[in-house]
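*Asks:* Following this line is start03.tsv, made up of TSV, C-alpha atoms:
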chain	number	residue	atom	x	y	z
A	1	MET	CA	-11.10	-17.15	-15.53
A	2	SER	CA	-9.63	-17.27	-12.03
A	3	ASP	CA	-11.81	-16.38	-9.06
A	4	ILE	CA	-9.20	-13.83	-7.87
A	5	ILE	CA	-7.00	-11.79	-10.20
A	6	LYS	CA	-4.08	-9.73	-8.87
A	7	LEU	CA	-4.05	-6.22	-10.38
A	8	ASP	CA	-0.43	-5.11	-10.05
A	9	PRO	CA	0.67	-1.71	-11.35
A	10	ASN	CA	1.06	-1.86	-15.14
A	11	PRO	CA	4.69	-0.98	-15.97
A	12	SER	CA	3.60	1.08	-19.01
A	13	ASN	CA	0.76	2.97	-17.26
A	14	LYS	CA	1.55	6.53	-16.07
A	15	CYS	CA	-1.48	6.79	-13.75
A	16	PHE	CA	-0.53	8.47	-10.47
A	17	GLY	CA	-2.59	6.04	-8.40
A	18	CYS	CA	-2.12	2.62	-9.97
A	19	GLY	CA	0.44	3.00	-12.76
A	20	GLY	CA	3.86	1.47	-12.66
A	21	ALA	CA	5.48	4.01	-15.03
A	22	ASN	CA	5.02	7.08	-12.81
A	23	ASP	CA	8.08	7.58	-10.60
A	24	ALA	CA	6.12	9.91	-8.29
A	25	GLY	CA	3.04	7.65	-8.29
A	26	MET	CA	1.57	5.50	-5.55
A	27	LYS	CA	1.73	2.18	-7.49
A	28	LEU	CA	-1.39	0.83	-5.79
A	29	ALA	CA	-2.15	-2.88	-6.34
A	30	PHE	CA	-5.61	-4.41	-6.08
A	31	GLU	CA	-7.37	-7.76	-6.32
A	32	GLN	CA	-10.35	-8.48	-8.53
A	33	ASP	CA	-12.75	-11.01	-6.97
A	34	ASN	CA	-14.79	-12.40	-9.85
A	35	VAL	CA	-17.10	-14.39	-7.56
A	36	LYS	CA	-18.05	-11.52	-5.22
A	37	GLN	CA	-17.72	-8.91	-8.01
A	38	ARG	CA	-15.54	-6.74	-5.77
A	39	ILE	CA	-12.21	-4.96	-6.13
A	40	THR	CA	-10.10	-4.78	-2.96
A	41	GLY	CA	-6.75	-3.43	-1.84
A	42	ARG	CA	-4.73	-3.36	1.37
A	43	PHE	CA	-2.27	-0.55	2.01
A	44	VAL	CA	-0.09	1.16	4.60
A	45	LEU	CA	0.68	4.43	2.82
A	46	GLY	CA	3.14	6.15	5.15
A	47	GLU	CA	3.79	9.73	6.19
A	48	ARG	CA	4.34	10.98	2.62
A	49	TYR	CA	0.54	10.98	2.20
A	50	GLN	CA	-0.43	12.90	5.34
A	51	GLY	CA	-2.21	16.20	5.21
A	52	GLY	CA	-0.88	19.02	7.36
A	53	GLY	CA	1.12	16.69	9.57
A	54	GLY	CA	-0.29	14.87	12.55
A	55	GLY	CA	-0.14	11.45	10.92
A	56	MET	CA	-3.57	11.60	9.26
A	57	MET	CA	-4.13	10.94	5.56
A	58	HIS	CA	-4.71	13.90	3.22
A	59	GLY	CA	-8.34	14.14	2.04
A	60	GLY	CA	-7.26	14.27	-1.59
A	61	ILE	CA	-5.39	10.97	-1.21
A	62	ILE	CA	-8.50	9.42	0.36
A	63	ALA	CA	-10.52	10.58	-2.67
A	64	LEU	CA	-7.85	9.24	-5.05
A	65	ILE	CA	-7.87	5.80	-3.42
A	66	LEU	CA	-11.67	5.59	-3.61
A	67	ASP	CA	-11.63	6.80	-7.24
A	68	GLU	CA	-9.06	4.10	-8.11
A	69	VAL	CA	-10.98	1.25	-6.50
A	70	MET	CA	-14.37	2.37	-7.87
A	71	GLY	CA	-12.91	2.91	-11.33
A	72	LYS	CA	-11.50	-0.62	-11.43
A	73	VAL	CA	-15.01	-2.01	-10.85
A	74	SER	CA	-15.66	-1.28	-14.54
A	75	ARG	CA	-13.45	-4.29	-15.30
A	76	PHE	CA	-16.42	-6.55	-14.50
A	77	THR	CA	-18.35	-5.19	-17.49
A	78	GLY	CA	-15.32	-4.76	-19.74
A	79	ALA	CA	-16.23	-1.09	-20.23
A	80	THR	CA	-13.77	1.77	-20.52
A	81	ALA	CA	-15.25	4.46	-18.28
A	82	VAL	CA	-14.09	7.76	-16.81
A	83	THR	CA	-15.08	9.46	-13.58
A	84	ALA	CA	-17.83	12.03	-14.11
A	85	GLU	CA	-18.90	12.72	-10.51
A	86	MET	CA	-17.70	11.54	-7.13
A	87	THR	CA	-18.96	12.11	-3.60
A	88	ILE	CA	-16.84	11.25	-0.58
A	89	ASN	CA	-18.02	10.98	3.01
A	90	TYR	CA	-15.05	11.40	5.35
A	91	LEU	CA	-16.25	9.58	8.45
A	92	LYS	CA	-13.13	9.27	10.63
A	93	PRO	CA	-9.51	10.40	10.38
A	94	ILE	CA	-7.34	7.82	8.62
A	95	ARG	CA	-3.87	7.20	10.03
A	96	VAL	CA	-1.06	6.91	7.49
A	97	ASP	CA	0.85	4.36	9.60
A	98	ARG	CA	-1.91	1.74	9.81
A	99	GLU	CA	-3.22	-0.75	7.28
A	100	ILE	CA	-6.39	0.21	5.45
A	101	ILE	CA	-8.64	-2.02	3.39
A	102	VAL	CA	-10.37	-0.46	0.39
A	103	GLU	CA	-13.23	-2.13	-1.46
A	104	GLY	CA	-15.28	-1.15	-4.49
A	105	TRP	CA	-18.44	-2.55	-6.10
A	106	HIS	CA	-21.05	-1.85	-8.77
A	107	GLU	CA	-24.45	-0.49	-7.72
A	108	GLU	CA	-26.36	0.24	-10.95
A	109	GLN	CA	-26.18	1.18	-14.62
A	110	LYS	CA	-28.32	3.69	-16.51
A	111	GLY	CA	-27.38	3.83	-20.17
A	112	ARG	CA	-23.71	4.84	-20.41
A	113	ASN	CA	-23.63	5.76	-16.70
A	114	LEU	CA	-22.14	3.27	-14.26
A	115	PHE	CA	-22.68	3.92	-10.56
A	116	HIS	CA	-20.04	2.43	-8.28
A	117	ALA	CA	-19.43	2.64	-4.54
A	118	GLY	CA	-16.45	2.10	-2.29
A	119	GLU	CA	-15.27	2.13	1.30
A	120	ILE	CA	-12.04	2.48	3.22
A	121	ARG	CA	-11.97	0.46	6.44
A	122	ASP	CA	-9.43	-0.11	9.17
A	123	ALA	CA	-8.14	-3.58	10.11
A	124	ASP	CA	-11.06	-3.98	12.55
A	125	GLY	CA	-13.62	-3.34	9.80
A	126	VAL	CA	-14.58	0.17	10.94
A	127	VAL	CA	-15.62	2.29	7.93
A	128	LEU	CA	-13.40	5.39	7.77
A	129	ALA	CA	-14.52	6.85	4.43
A	130	ARG	CA	-17.20	6.04	1.88
A	131	GLY	CA	-17.60	7.09	-1.73
A	132	ARG	CA	-20.05	6.88	-4.59
A	133	ALA	CA	-19.25	7.81	-8.16
A	134	ARG	CA	-20.78	8.03	-11.61
A	135	PHE	CA	-18.56	6.79	-14.41
A	136	VAL	CA	-19.36	7.38	-18.09
A	137	VAL	CA	-18.54	4.68	-20.62
A	138	ILE	CA	-16.39	6.07	-23.43
A	139	ASP	CA	-15.44	4.78	-26.87
A	140	ARG	CA	-11.83	3.62	-26.47
A	141	GLU	CA	-11.06	3.85	-30.22
A	142	LYS	CA	-12.41	7.41	-30.50
A	143	TYR	CA	-10.40	8.48	-27.45
A	144	ALA	CA	-7.21	6.91	-28.88
A	145	ALA	CA	-7.81	8.63	-32.23
A	146	ASP	CA	-8.28	11.99	-30.47
A	147	LEU	CA	-4.96	11.53	-28.65
A	148	LYS	CA	-3.20	10.74	-31.94
A	149	LYS	CA	-4.53	14.00	-33.43
A	150	GLU	CA	-3.37	16.01	-30.42
A	151	PRO	CA	-0.80	14.13	-28.31
A	152	VAL	CA	-0.24	14.85	-24.63
A	153	VAL	CA	2.68	17.26	-24.19
A	154	ARG	CA	5.62	15.63	-22.39
Starting from the file, give its structure as structure tokens.
*Replies:*
Amino acid sequence: MSDIIKLDPNPSNKCFGCGGANDAGMKLAFEQDNVKQRITGRFVLGERYQGGGGGMMHGGIIALILDEVMGKVSRFTGATAVTAEMTINYLKPIRVDREIIVEGWHEEQKGRNLFHAGEIRDADGVVLARGRARFVVIDREKYAADLKKEPVVR
């Protein structure tokens, strides 16, 4: 396995954050560092993602980015996990016209619960937002069977 794996948007995934099949989505790309056990991404999002004008990123978009990067940390264990709880600390306003660096990592596991953390930093390394989340490992086959019984309405 390569030390660094590029995680481009999957063209068949409809996820708003990282999917390639969602026309309205963000199509976020990440890198998986197998040596450091970290997921990272670098983005300049643009004015579309500002909240209330003024050039600062919407708080919901900040939460989405942290959820995406922390969720991808589950790749290191091979688990399929969903977000159960997430706490975000908004430390400084985040400009939509500047590059941000987002990073996620694993902190601990308790049974089916995976605890991951993440940060958004500016190009100088200043932490702008921090998150911690609990993800619950799910049975992929059971979930797929449930969707077959009751498909998502399109």
*Asks:* Residues of region 39-107 of chain A within 6 Å of region 126-129 of chain A: nearest atom pair and distance (Å, one decimal) for each, counting only C-alpha atoms, sorted by chain and number, as a tab-separated table?
*Replies:*
residue	atom	partner	partner_atom	distance
A:Asn89	CA	A:Ala129	CA	5.6
A:Tyr90	CA	A:Ala129	CA	4.7
A:Leu91	CA	A:Leu128	CA	5.1
A:Lys92	CA	A:Leu128	CA	4.8
*Asks:* Got time to write the residues from that selection, C-alpha atoms, as an mmCIF file, in the coordinates of the input?
*Replies:*
data_model
loop_
_atom_site.group_PDB
_atom_site.id
_atom_site.type_symbol
_atom_site.label_atom_id
_atom_site.label_comp_id
_atom_site.auth_asym_id
_atom_site.auth_seq_id
_atom_site.Cartn_x
_atom_site.Cartn_y
_atom_site.Cartn_z
ATOM 1 C CA ASN A 89 -18.020 10.980 3.010
ATOM 2 C CA TYR A 90 -15.050 11.400 5.350
ATOM 3 C CA LEU A 91 -16.250 9.580 8.450
ATOM 4 C CA LYS A 92 -13.130 9.270 10.630
#
*Asks:* Which residue out of A:Thr40, A:Asn10, A:Gln50, A:Thr83 has the minimum interatomic distance to Leu114 (chain A) when only C-alpha atoms are used?
*Replies:* A:Thr83
*Asks:* Would you mind telling me which residue in A:Gly71, A:Pro11, A:Pro93, A:Gly78 lies nearest to Phe115 (chain A) when using all atoms listed in the file?
*Replies:*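 The answer is A:Gly71, which sits nearest to Phe115 (chain A).
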*Asks:* Pick out the closest residue to His116 (chain A) from this set: A:Val102, A:Ile88, A:Ser74, A:Arg95. Count all atoms listed in the file.
*Replies:*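 Among A:Val102, A:Ile88, A:Ser74, A:Arg95, it is A:Ser74 that comes nearest to His116 (chain A).
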*Asks:* Residues near Ile65 (chain A), anyone? I mean within 10 Å using all atoms listed in the file, not counting same-chain ones fewer than 5 positions away, as a PyMOL selection string.
*Replies:* chain A and resi 17-18+26+28+41+59-60+70-71+102-103+118-120+131
*Asks:* What would the list of residues within 10 Å of (-4.2, 2.8, 9.6) (file frame) look like as a VMD selection string, if all atoms listed in the file are what count?
*Replies:* chain A and resid 43 to 46 55 to 57 93 to 101 121 to 123 128
*Asks:* Can you list, as an MDAnalysis selection string, every protein, DNA or RNA residue that comes within 6 Å of Val137 (chain A) when you count all atoms listed in the file, leaving out same-chain residues fewer than 5 positions away?
*Replies:* chainID A and resid 80:81 112
*Asks:* Work out how far apart CA of Val69 (chain A) and CA of Glu47 (chain A) are and give it in Å to one decimal.
*Replies:*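 Interatomic distance, CA of Val69 (chain A) to CA of Glu47 (chain A): 21.2 Å.
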*Asks:* Quick one, how far is CA of Val82 (chain A) from CA of Arg48 (chain A)?
*Replies:* 27.0 Å
*Asks:* How many Å separate CA of Arg75 (chain A) from CA of Asp33 (chain A)?
*Replies:*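 Answer for the CA of Arg75 (chain A) to CA of Asp33 (chain A) separation: 10.7 Å.
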*Asks:* Within 10 Å of (0.6, 1.4, -9.0) (coordinates as in the file), grab all the protein and nucleic acid residues, counting only C-alpha atoms, and write them out as a VMD selection string.
*Replies:* chain A and resid 7 to 11 13 to 23 25 to 30
*Asks:* Suppose we keep C-alpha atoms; can you now write the selection as a compact mmCIF listing (two decimals), in the frame of the given file?
*Replies:*
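Wrote part.txt, looks like this:
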# COMPACT_ATOMS: atom_id res chain seq x y z
CA LEU A 7 -4.05 -6.22 -10.38
CA ASP A 8 -0.43 -5.11 -10.05
CA PRO A 9 0.67 -1.71 -11.35
CA ASN A 10 1.06 -1.86 -15.14
CA PRO A 11 4.69 -0.98 -15.97
CA ASN A 13 0.76 2.97 -17.26
CA LYS A 14 1.55 6.53 -16.07
CA CYS A 15 -1.48 6.79 -13.75
CA PHE A 16 -0.53 8.47 -10.47
CA GLY A 17 -2.59 6.04 -8.40
CA CYS A 18 -2.12 2.62 -9.97
CA GLY A 19 0.44 3.00 -12.76
CA GLY A 20 3.86 1.47 -12.66
CA ALA A 21 5.48 4.01 -15.03
CA ASN A 22 5.02 7.08 -12.81
CA ASP A 23 8.08 7.58 -10.60
CA GLY A 25 3.04 7.65 -8.29
CA MET A 26 1.57 5.50 -5.55
CA LYS A 27 1.73 2.18 -7.49
CA LEU A 28 -1.39 0.83 -5.79
CA ALA A 29 -2.15 -2.88 -6.34
CA PHE A 30 -5.61 -4.41 -6.08
*Asks:* Would you mind putting N, CA and C atoms back on region 68-103 of chain A and writing the result as a short mmCIF file (atom, residue, chain, number, x, y, z; two decimals), keeping the file's coordinate frame?
*Replies:*
data_model
loop_
_atom_site.label_atom_id
_atom_site.label_comp_id
_atom_site.auth_asym_id
_atom_site.auth_seq_id
_atom_site.Cartn_x
_atom_site.Cartn_y
_atom_site.Cartn_z
N GLU A 68 -9.78 5.25 -7.51
CA GLU A 68 -9.06 4.10 -8.11
C GLU A 68 -9.86 2.81 -7.94
N VAL A 69 -10.30 2.53 -6.73
CA VAL A 69 -10.98 1.25 -6.50
C VAL A 69 -12.34 1.21 -7.20
N MET A 70 -13.07 2.34 -7.18
CA MET A 70 -14.37 2.37 -7.87
C MET A 70 -14.19 2.30 -9.38
N GLY A 71 -13.16 2.95 -9.89
CA GLY A 71 -12.91 2.91 -11.33
C GLY A 71 -12.59 1.51 -11.83
N LYS A 72 -11.88 0.75 -11.03
CA LYS A 72 -11.50 -0.62 -11.43
C LYS A 72 -12.71 -1.56 -11.47
N VAL A 73 -13.79 -1.19 -10.82
CA VAL A 73 -15.01 -2.01 -10.85
C VAL A 73 -15.54 -2.16 -12.28
N SER A 74 -15.23 -1.20 -13.15
CA SER A 74 -15.66 -1.28 -14.54
C SER A 74 -15.09 -2.49 -15.26
N ARG A 75 -14.04 -3.08 -14.71
CA ARG A 75 -13.45 -4.29 -15.30
C ARG A 75 -14.47 -5.43 -15.39
N PHE A 76 -15.43 -5.47 -14.49
CA PHE A 76 -16.42 -6.55 -14.50
C PHE A 76 -17.33 -6.50 -15.71
N THR A 77 -17.51 -5.32 -16.29
CA THR A 77 -18.35 -5.19 -17.49
C THR A 77 -17.51 -5.10 -18.76
N GLY A 78 -16.19 -4.91 -18.59
CA GLY A 78 -15.32 -4.76 -19.74
C GLY A 78 -15.38 -3.37 -20.35
N ALA A 79 -16.06 -2.45 -19.70
CA ALA A 79 -16.23 -1.09 -20.23
C ALA A 79 -15.02 -0.23 -19.91
N THR A 80 -14.73 0.70 -20.81
CA THR A 80 -13.77 1.77 -20.52
C THR A 80 -14.61 2.96 -20.08
N ALA A 81 -14.41 3.39 -18.84
CA ALA A 81 -15.25 4.46 -18.28
C ALA A 81 -14.37 5.45 -17.53
N VAL A 82 -14.81 6.70 -17.52
CA VAL A 82 -14.09 7.76 -16.81
C VAL A 82 -14.98 8.35 -15.72
N THR A 83 -14.35 8.86 -14.68
CA THR A 83 -15.08 9.46 -13.58
C THR A 83 -15.77 10.74 -14.03
N ALA A 84 -17.06 10.83 -13.78
CA ALA A 84 -17.83 12.03 -14.11
C ALA A 84 -18.20 12.81 -12.85
N GLU A 85 -18.55 12.10 -11.80
CA GLU A 85 -18.90 12.72 -10.51
C GLU A 85 -18.47 11.78 -9.41
N MET A 86 -18.09 12.36 -8.26
CA MET A 86 -17.70 11.54 -7.13
C MET A 86 -18.03 12.28 -5.84
N THR A 87 -18.64 11.56 -4.91
CA THR A 87 -18.96 12.11 -3.60
C THR A 87 -18.24 11.27 -2.55
N ILE A 88 -17.56 11.94 -1.64
CA ILE A 88 -16.84 11.25 -0.58
C ILE A 88 -17.41 11.68 0.77
N ASN A 89 -17.65 10.71 1.62
CA ASN A 89 -18.02 10.98 3.01
C ASN A 89 -16.81 10.60 3.86
N TYR A 90 -16.19 11.60 4.47
CA TYR A 90 -15.05 11.40 5.35
C TYR A 90 -15.61 11.17 6.75
N LEU A 91 -15.57 9.94 7.21
CA LEU A 91 -16.25 9.58 8.45
C LEU A 91 -15.35 9.66 9.68
N LYS A 92 -14.09 9.24 9.52
CA LYS A 92 -13.13 9.27 10.63
C LYS A 92 -11.74 9.58 10.06
N PRO A 93 -10.88 10.19 10.86
CA PRO A 93 -9.51 10.40 10.38
C PRO A 93 -8.85 9.05 10.07
N ILE A 94 -8.02 9.04 9.03
CA ILE A 94 -7.34 7.82 8.62
C ILE A 94 -5.85 7.98 8.88
N ARG A 95 -5.30 7.14 9.71
CA ARG A 95 -3.87 7.20 10.03
C ARG A 95 -3.05 6.67 8.86
N VAL A 96 -1.92 7.32 8.60
CA VAL A 96 -1.06 6.91 7.49
C VAL A 96 -0.15 5.73 7.86
N ASP A 97 -0.05 5.42 9.15
CA ASP A 97 0.85 4.36 9.60
C ASP A 97 0.13 3.04 9.91
N ARG A 98 -1.14 2.96 9.55
CA ARG A 98 -1.91 1.74 9.81
C ARG A 98 -2.46 1.18 8.50
N GLU A 99 -2.67 -0.12 8.49
CA GLU A 99 -3.22 -0.75 7.28
C GLU A 99 -4.67 -0.33 7.09
N ILE A 100 -5.00 -0.04 5.84
CA ILE A 100 -6.39 0.21 5.45
C ILE A 100 -6.79 -0.82 4.41
N ILE A 101 -8.06 -1.12 4.39
CA ILE A 101 -8.64 -2.02 3.39
C ILE A 101 -9.63 -1.19 2.59
N VAL A 102 -9.48 -1.21 1.28
CA VAL A 102 -10.37 -0.46 0.39
C VAL A 102 -11.12 -1.47 -0.47
N GLU A 103 -12.40 -1.21 -0.68
CA GLU A 103 -13.23 -2.13 -1.46
C GLU A 103 -14.20 -1.34 -2.34
#
